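Student: Below you will find the structure I want to go over with you.
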Amino acid sequence: SATSGCITIRFTSDGSVTRPGWVAAISCITPDPCTGNFILNGNATQLSPNTYRLTQASNNQSGSAWNNITFNLTQPFTFDFDMFFGNNNNGADGMAFLFQQVSTSVGSNGGGLGYNGISPSFCVEFDTYQNTTEPSYDHLAVQKNGDSNHTGANNLVPVIGFPTGNVNIEDGIWHNVIFSWNPTTFNFQVIFDGTTLVNYTDNIVANIFGNNPNVFWGFTAATGGSNNLQQFRVNSLVAQPTGLDCWQTATFNTTTCVWDVTGTQPVQPTLACY
C-alpha cells in the first residue's frame, strides 16, 4: 500500500571545513495513493492509458479491474470516472464500483454484475437488466458483502433510477460518475452526470471492514444471456492524506554536533558528524 515518509538529508564533513549555517528544509514525500496499474481479470482489457473494457458485447463474459495499490479509507478521496454501459437497451448486465478486502483476482458472471459473492465489500452497482425483484428501469443501488439482493439486509441504499425520470443508460454515450468519501463524517457520495444520487453516511471501515481501513478498489462487470459493451475511463483520482505536516527545518549545531529540528513531522534527519 502507499505510504508517506520523509527525505533524509545527510551532511558529512572530513573536518577540513565547517558550515555552522547549514540548514536543511526537509519535505515529506506524499505519494499519490491512487496511481498505479489496474490488475485485469477475465475478459477485461486495457484499451488506452486511462480506458478499460470490462466486457465486450458478447454473452457470458465477466471482467474486473482492481488497482494494484491498496487504498486507506482513513483518507478522503474524490475519484472521477466516465462509464460506458453499451448501446443495447435490451442488453445486460451492468457494472459495479467496489471496495473489498479479498484479492485482486475476484469477479463473477451474469446478474451479479461481477461482484456477487465478494465479501467483505462495499459496492455501488449500475444495473442495466431486470432480474427477479428488480425494477424494469436501469438503476443504481449500494450493496455490501457481495449480496445483490435489493430487499435484504445487505442493501445499504435502495434502488434509484437515473436522472431524469429513470432514463436508459445503455445509450451509447459516456456518463460521468464521481465517487467521494469523507472519513471524518463517514459520508460517501455518488454524483452521476452532475446529479447526486447517493448521499450515504456510515462508518464503513468499522461496520464492513472490521476496522481495517486498507482495501482493494476497482470495477467489475458481467454479461449473461444478453450483453453490452461495458467500459470505464479514469479522469482523475484525488486523495488527501490527513494529519500530515509536510515541512520541518533542521539546523546543524556545530557545538553539540546534533541537528536542532523544528516542525511537527516526527522524523529527525540522519546525523553524520566528524
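Within each chain, counting starts at residue 1; across the C-alpha cells, chains are named A, B, ... in the order shown, with ligands numbered 1 upward in that order.
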Could you pull out all residues of range 67-221 of chain A with a DSSP call of strand (DSSP E) and give them as an NGL selection string?

Tutor: :A and (67 or 71-72 or 77-84 or 94-100 or 121-127 or 139-144 or 155-161 or 174-182 or 187-192 or 195-201 or 214-221)

Student: Go through A:Thr164, A:Thr201, A:Gln230, A:Ser58 and flag the residue nearest Gln189 in chain A, using only C-alpha atoms for the distances.

Tutor: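 Distance minimum relative to Gln189 in chain A lands on A:Thr201.
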
Student: Can you tell me, as a VMD selection string, what residues are no more than 6 Å from Pro183 in chain A when counting only C-alpha atoms, ignoring any on the same chain fewer than 3 positions away?

Tutor: chain A and resid 74 76 186

Student: Can you tell me which residues surround range 148-152 of chain A at a distance of at most 8 Å, considering only C-alpha atoms, apart from same-chain residues fewer than 3 positions away, and format the answer as a list in words?

Tutor: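 Using only C-alpha atoms, the neighbours found are Gly112, Asn116, Thr133, Glu134, Ala141, Gln143, Asn155, Pro158 and Val159 of chain A.
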
Student: Can you spit out the residues from that selection as a PDB file, in the first residue's frame, using C-alpha atoms?

Tutor:
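The result, written out as again25.pdb:
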```
ATOM      1  CA  GLY A 112     -24.259 -10.440 -10.037  1.00  0.00           C
ATOM      2  CA  ASN A 116     -21.615 -11.373  -6.433  1.00  0.00           C
ATOM      3  CA  THR A 133     -37.487  -8.410  -7.656  1.00  0.00           C
ATOM      4  CA  GLU A 134     -35.789  -5.622  -9.630  1.00  0.00           C
ATOM      5  CA  ALA A 141     -28.033   0.650  -5.557  1.00  0.00           C
ATOM      6  CA  GLN A 143     -24.839  -3.206  -1.521  1.00  0.00           C
ATOM      7  CA  ASN A 155     -28.879  -3.349   0.743  1.00  0.00           C
ATOM      8  CA  PRO A 158     -32.333   1.378  -2.036  1.00  0.00           C
ATOM      9  CA  VAL A 159     -32.761   1.243  -5.792  1.00  0.00           C
TER      10      VAL A 159
END
```

Student: Applying 12 Å and only C-alpha atoms, which residues near Asn89 in chain A remain after dropping the ones on its own chain fewer than 3 positions away? List them as a list in words.

Tutor: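 Here the qualifying residues turn out to be Phe85, Gly86, Ala92, Asp93, Gly94, Asp127, Thr128, Tyr129, Gln130, Ser136, Tyr137, Asp138, Val167, Asn168, Ile169, Glu170, Asp171, Gly172, Ser226, Asn227, Asn228 and Leu229 of chain A.
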
Student: Which residues, written as a list in words, have at least one atom at most 6 Å from range 101-110 of chain A, with only C-alpha atoms counted and residues fewer than 3 positions away on the same chain left out?

Tutor: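 Surrounding residues, per the criterion: Ser62, Ser64, Trp66, Leu113, Gly114, Tyr115, Val215, Phe216, Ala222, Thr223 and Gly224 of chain A.
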
Student: Export N, CA, C and O atoms of the chosen residues as a JSON list (two decimals), in the first residue's frame?

Tutor:
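Result file is selection.json:
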```
[["chain", "number", "residue", "atom", "x", "y", "z"],
["A", 62, "SER", "N", -17.28, -11.85, -18.23],
["A", 62, "SER", "CA", -17.09, -11.12, -16.97],
["A", 62, "SER", "C", -15.70, -10.52, -16.97],
["A", 62, "SER", "O", -14.76, -11.09, -17.54],
["A", 64, "SER", "N", -13.00, -7.84, -14.44],
["A", 64, "SER", "CA", -12.77, -6.99, -13.27],
["A", 64, "SER", "C", -11.44, -6.28, -13.43],
["A", 64, "SER", "O", -10.52, -6.79, -14.09],
["A", 66, "TRP", "N", -8.82, -4.17, -10.81],
["A", 66, "TRP", "CA", -8.50, -3.76, -9.45],
["A", 66, "TRP", "C", -7.18, -3.01, -9.45],
["A", 66, "TRP", "O", -6.19, -3.49, -10.00],
["A", 113, "LEU", "N", -23.32, -8.92, -11.70],
["A", 113, "LEU", "CA", -22.54, -7.80, -12.22],
["A", 113, "LEU", "C", -21.04, -7.94, -11.94],
["A", 113, "LEU", "O", -20.31, -6.96, -11.93],
["A", 114, "GLY", "N", -20.61, -9.16, -11.71],
["A", 114, "GLY", "CA", -19.20, -9.42, -11.44],
["A", 114, "GLY", "C", -18.81, -9.31, -9.98],
["A", 114, "GLY", "O", -17.70, -9.69, -9.63],
["A", 115, "TYR", "N", -19.70, -8.80, -9.11],
["A", 115, "TYR", "CA", -19.32, -8.63, -7.71],
["A", 115, "TYR", "C", -19.98, -9.63, -6.77],
["A", 115, "TYR", "O", -19.67, -9.67, -5.58],
["A", 215, "VAL", "N", -8.06, -1.33, 1.67],
["A", 215, "VAL", "CA", -8.96, -2.06, 0.78],
["A", 215, "VAL", "C", -8.41, -2.07, -0.65],
["A", 215, "VAL", "O", -7.68, -1.17, -1.06],
["A", 216, "PHE", "N", -8.79, -3.12, -1.38],
["A", 216, "PHE", "CA", -8.65, -3.10, -2.82],
["A", 216, "PHE", "C", -9.82, -2.32, -3.40],
["A", 216, "PHE", "O", -10.91, -2.29, -2.81],
["A", 222, "ALA", "N", -20.36, -7.76, -15.95],
["A", 222, "ALA", "CA", -20.66, -9.10, -16.44],
["A", 222, "ALA", "C", -21.79, -9.04, -17.47],
["A", 222, "ALA", "O", -22.57, -8.08, -17.53],
["A", 223, "THR", "N", -21.84, -10.08, -18.28],
["A", 223, "THR", "CA", -22.97, -10.33, -19.18],
["A", 223, "THR", "C", -23.46, -11.75, -18.95],
["A", 223, "THR", "O", -22.77, -12.58, -18.34],
["A", 224, "GLY", "N", -24.65, -12.06, -19.44],
["A", 224, "GLY", "CA", -25.20, -13.41, -19.32],
["A", 224, "GLY", "C", -25.78, -13.83, -20.64],
["A", 224, "GLY", "O", -25.09, -13.87, -21.66]]
```

Student: I'd like to know which residues of range 123-209 of chain A are alpha helix (DSSP H) (by DSSP, run on the backbone); could you write them as a list in words?

Tutor: Ile204, Val205, Ala206 and Asn207 of chain A

Student: How would the residues just picked look written out with N, CA, C and O atoms as an mmCIF file, in the first residue's frame?

Tutor:
```cif
data_model
loop_
_atom_site.group_PDB
_atom_site.id
_atom_site.type_symbol
_atom_site.label_atom_id
_atom_site.label_comp_id
_atom_site.auth_asym_id
_atom_site.auth_seq_id
_atom_site.Cartn_x
_atom_site.Cartn_y
_atom_site.Cartn_z
ATOM 1 N N ILE A 204 -18.070 2.770 7.389
ATOM 2 C CA ILE A 204 -17.931 1.509 6.662
ATOM 3 C C ILE A 204 -16.649 0.771 7.055
ATOM 4 O O ILE A 204 -16.577 -0.458 6.936
ATOM 5 N N VAL A 205 -15.640 1.506 7.529
ATOM 6 C CA VAL A 205 -14.414 0.845 7.974
ATOM 7 C C VAL A 205 -14.719 -0.063 9.164
ATOM 8 O O VAL A 205 -14.277 -1.215 9.217
ATOM 9 N N ALA A 206 -15.495 0.438 10.106
ATOM 10 C CA ALA A 206 -15.837 -0.355 11.300
ATOM 11 C C ALA A 206 -16.909 -1.387 11.003
ATOM 12 O O ALA A 206 -16.806 -2.545 11.418
ATOM 13 N N ASN A 207 -17.929 -0.991 10.259
ATOM 14 C CA ASN A 207 -19.120 -1.828 10.127
ATOM 15 C C ASN A 207 -19.066 -2.832 8.990
ATOM 16 O O ASN A 207 -19.870 -3.770 8.949
#
```

Student: List the spatial neighbours of Asn176 in chain A as a PDB file with C-alpha atoms, in the first residue's frame - criterion: any atom at most 9 Å away, only C-alpha atoms, same-chain residues fewer than 6 positions off excluded.

Tutor:
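The result, stored in selection34.pdb:
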```pdb
ATOM      1  CA  ASP A  80     -13.758  10.957 -11.219  1.00  0.00           C
ATOM      2  CA  PHE A  81     -14.583   8.437 -13.967  1.00  0.00           C
ATOM      3  CA  ASP A  82     -16.559   8.142 -17.161  1.00  0.00           C
ATOM      4  CA  MET A  83     -18.567   4.941 -17.549  1.00  0.00           C
ATOM      5  CA  ILE A 191     -22.664  12.043  -8.466  1.00  0.00           C
ATOM      6  CA  PHE A 192     -23.995  10.785 -11.800  1.00  0.00           C
ATOM      7  CA  ASP A 193     -23.906  13.245 -14.725  1.00  0.00           C
ATOM      8  CA  GLY A 194     -23.961  16.143 -12.262  1.00  0.00           C
TER       9      GLY A 194
END
```

Student: How far is it from CA of Leu73 in chain A to CA of Val177 in chain A, in Å with one decimal?

Tutor: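 The value is 19.4 Å.
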